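Reading through the structure tokens given below for one structure.
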Number of protein chains: 2
Amino acid sequence: MRADAKKNHDHILDVARELLATGGADASLRDVARKAGVGLGTMYRHFPTRETLLEALLRSSFDRLSASAVELERTGPGNTALLSWLREVIVLARHYGGAIRSMVAALEDESSALHASCVGVKAAGTRLLARAQSEGTVRPDLDGADLFAIVGALAWINDQPALSQRSDHLFAIITDAVLTKP
Amino acid sequence: MRADAKKNHDHILDVARELLATGGADASLRDVARKAGVGLGTMYRHFPTRETLLEALLRSSFDRLSASAVELERTGPGNTALLSWLREVIVLARHYGGAIRSMVAALEDESSALHASCVGVKAAGTRLLARAQSEGTVRPDLDGADLFAIVGALAWINDQPALSQRSDHLFAIITDAVLTKP
DNA sequence: ACCTGAACACCGTTCAAGT
DNA sequence: ACCTGAACACCGTTCAAGT
């Protein structure tokens with residue numbers, strides 16, 4: 001990559017991070033280009049789709065989640081490990097409002113730039129879930145997809161201003177349902 | 001209302017019902033006007049905001065929910081009554097994809113055309129919740145807002161094609177968490 | 001190689017002009 | 001009273017033209 005291209009790439013990313021954090025995951029890409037002082041074509045060359053941009057923004061967070069899962073897989077009891085990890089995922093989703101929707105969609109769309117990352121996150125969650133289940137502390141009638149759905153639902157609650165006040169409480173209640181055997 | 005106006009009003013509603021049912025709650029209003037064979041201004045005169053249109057579409061469903069709640073308030077044990085009612089709400093939300101988002105927002109926005117209806121639905125749910133709680137079959141640390149949030153979260157799961165297969169299962173698990181004392 | 005911005009096809013919303 | 005559609009300000013996406 002040429003030096004000027006690299007500079008543009010990084011600057012777009014910086015601006016996008018700020019705009020998507022404040023305006024939600026469906027902020028105007030035109031705005032991003034404008035505020036980055038870059039032509040529209042440049043924007044689209046570096047990030048051909050919204051998913052590409054989201055992926056670049058979330059990459060480091062995804063990596064951190066994976067590392068954290070590996071760590072948690074061999075510490076403490078399985079149920080508390082799973083719970084801590086779920087909390088981390090929610091915190092991430094909270095920071096990029098609406099991003100969870102793209103992540104869920106990407107899970108089944110192999111052509112999405114977010115696909116690999118989301119599959120990785122799901123796999124990490126599934127491993128933590130399986131261990132807790134084998135220890136008998138989490139209900140056995142759940143799979144990784146269910147876990148992802150629950151995370152998504154909690155993130156959605158977080159995204160709604162009218163509901164976000166009670167979201168910690170609801171996190172506790174719903175994870176309670178997951179972590180308790182039926 | 002003049003006869004031609006009434007006719008336009010109803011026809012817009014019919015077209016909108018079909019378009020919003022298939023394309024989700026944020027289908028193009030321009031499309032609605034176009035397919036109803038009506039000028040854009042006519043569209044906006046009859047339904048100045050998207051909420052107005054949604055309200056007109058959902059009115060009968062809202063009324064049915066309220067009637068159903070009144071009915072359920074004096075039949076069977078409180079927890080099963082609450083559960084049946086929650087199921088009805090979910091079915092409604094399922095039919096108008098994305099509408100639940102507007103409903104949640106309308107709950108706090110007094111200027112929204114959906115406000116009154118949503119407050120009514122929330123109140124009905126709160127009554128059913130309170131009865132079940134007084135019977136000691138539902139966890140006491142929940143209020144009407146929590147209930148609405150849970151319904152929203154379940155409806156959100158339903159809206160995501162990747163998750164909807166497991167949504168019945170998740171409905172069972174999450175309502176289980178609600179209906180069981182901690 | 002990379003960047004720019006005009007061009008195209010959309011959208012929501014408003015409003016002067018028509019009947 | 002009511003309807004129409006042009007007009008305006010946006011958006012995403014593409015692509016010829018520039019350096």
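Identifiers for the structure tokens are assigned positionally: chains receive A, B, ... in sequence, residues are indexed from 1 per chain, and ligands are indexed from 1 in the order shown.
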
Distance table requested - chain C against chain B, cut-off 12 Å, only C-alpha atoms (C1' of nucleotides): one row per qualifying residue with the closest atom pair and its distance in Å to one decimal, ordered by chain and rising residue number, as JSON lines.
{"residue": "C:DC10", "atom": "C1'", "partner": "B:Ser28", "partner_atom": "CA", "distance": 10.2}
{"residue": "C:DC11", "atom": "C1'", "partner": "B:Ser28", "partner_atom": "CA", "distance": 7.5}
{"residue": "C:DG12", "atom": "C1'", "partner": "B:Leu29", "partner_atom": "CA", "distance": 8.2}
{"residue": "C:DT13", "atom": "C1'", "partner": "B:Tyr44", "partner_atom": "CA", "distance": 8.6}
{"residue": "C:DT14", "atom": "C1'", "partner": "B:Gly41", "partner_atom": "CA", "distance": 8.7}
{"residue": "C:DC15", "atom": "C1'", "partner": "B:Gly41", "partner_atom": "CA", "distance": 9.1}
{"residue": "C:DA16", "atom": "C1'", "partner": "B:Gly41", "partner_atom": "CA", "distance": 12.0}

Next item on the list: Please return, as a PyMOL selection string, all residues of chain A lying within 12 Å of chain B when only C-alpha atoms are considered.
Entry: chain A and resi 98+100-109+139-182

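Note that the spacing between CA of Leu54 (chain A) and CA of Ala25 (chain A) amounts to 8.1 Å.
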
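Interatomic distance, CA of Ala99 (chain B) against CA of Glu51 (chain A): 24.5 Å.
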
Margin query: At a cut-off of 10 Å, using only C-alpha atoms (C1' of nucleotides), what residues contact DC2 (chain C)? Leave out same-chain residues fewer than 5 positions from it and give the result as number ranges by chain.
Written below: A: 1-2, 4-5, 42, 45; D: 19

Go ahead and save the picked residues with N, CA, C and O atoms (P, O5', C5', C4', C3', O3' and C1' of nucleotides), as a PDB file, in the first residue's frame.
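Written file, result-v4.pdb:
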ATOM      1  N   MET A   1       0.849  -1.218   0.000  1.00  0.00           N
ATOM      2  CA  MET A   1       0.000   0.000   0.000  1.00  0.00           C
ATOM      3  C   MET A   1       0.877   1.258   0.000  1.00  0.00           C
ATOM      4  O   MET A   1       1.829   1.366   0.770  1.00  0.00           O
ATOM      5  N   ARG A   2       0.523   2.171  -0.837  1.00  0.00           N
ATOM      6  CA  ARG A   2       1.274   3.425  -0.910  1.00  0.00           C
ATOM      7  C   ARG A   2       1.064   4.239   0.357  1.00  0.00           C
ATOM      8  O   ARG A   2       0.047   4.075   1.055  1.00  0.00           O
ATOM      9  N   ASP A   4       0.355   7.396   0.927  1.00  0.00           N
ATOM     10  CA  ASP A   4      -0.833   8.256   0.986  1.00  0.00           C
ATOM     11  C   ASP A   4      -2.104   7.427   1.157  1.00  0.00           C
ATOM     12  O   ASP A   4      -3.032   7.816   1.872  1.00  0.00           O
ATOM     13  N   ALA A   5      -2.114   6.270   0.530  1.00  0.00           N
ATOM     14  CA  ALA A   5      -3.273   5.388   0.662  1.00  0.00           C
ATOM     15  C   ALA A   5      -3.427   4.922   2.111  1.00  0.00           C
ATOM     16  O   ALA A   5      -4.516   4.952   2.687  1.00  0.00           O
ATOM     17  N   THR A  42     -12.655   7.089  -2.857  1.00  0.00           N
ATOM     18  CA  THR A  42     -11.594   6.628  -1.951  1.00  0.00           C
ATOM     19  C   THR A  42     -12.188   5.820  -0.804  1.00  0.00           C
ATOM     20  O   THR A  42     -11.692   4.743  -0.451  1.00  0.00           O
ATOM     21  N   ARG A  45     -13.204   2.517  -2.161  1.00  0.00           N
ATOM     22  CA  ARG A  45     -12.091   1.666  -2.541  1.00  0.00           C
ATOM     23  C   ARG A  45     -11.535   0.956  -1.307  1.00  0.00           C
ATOM     24  O   ARG A  45     -11.293  -0.251  -1.305  1.00  0.00           O
TER      25      ARG A  45
ATOM     26  P    DT D  19      -4.965  17.095 -13.381  1.00  0.00           P
ATOM     27  O5'  DT D  19      -4.109  16.096 -12.495  1.00  0.00           O
ATOM     28  C5'  DT D  19      -3.886  16.359 -11.120  1.00  0.00           C
ATOM     29  C4'  DT D  19      -2.970  15.314 -10.590  1.00  0.00           C
ATOM     30  C3'  DT D  19      -1.635  15.237 -11.304  1.00  0.00           C
ATOM     31  O3'  DT D  19      -0.696  16.131 -10.714  1.00  0.00           O
ATOM     32  C1'  DT D  19      -2.527  13.062 -10.802  1.00  0.00           C
TER      33       DT D  19
END

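The space between CA of Ala113 (chain A) and CA of Leu57 (chain A) spans 11.7 Å.
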
Next item on the list: Would you please extract all alpha helix (DSSP H) residues from region 12-166 of chain A, as assigned by DSSP on the backbone, and give them as JSON, numbers by chain?
Entry: {"A": [12, 13, 14, 15, 16, 17, 18, 19, 20, 21, 22, 23, 29, 30, 31, 32, 33, 34, 35, 40, 41, 42, 43, 44, 45, 46, 50, 51, 52, 53, 54, 55, 56, 57, 58, 59, 60, 61, 62, 63, 64, 65, 66, 67, 68, 69, 70, 71, 72, 73, 78, 79, 80, 81, 82, 83, 84, 85, 86, 87, 88, 89, 90, 91, 92, 93, 94, 95, 99, 100, 101, 102, 103, 104, 105, 106, 107, 108, 115, 116, 117, 118, 119, 120, 121, 122, 123, 124, 125, 126, 127, 128, 129, 130, 131, 132, 133, 134, 144, 145, 146, 147, 148, 149, 150, 151, 152, 153, 154, 155, 156, 157, 158, 159]}
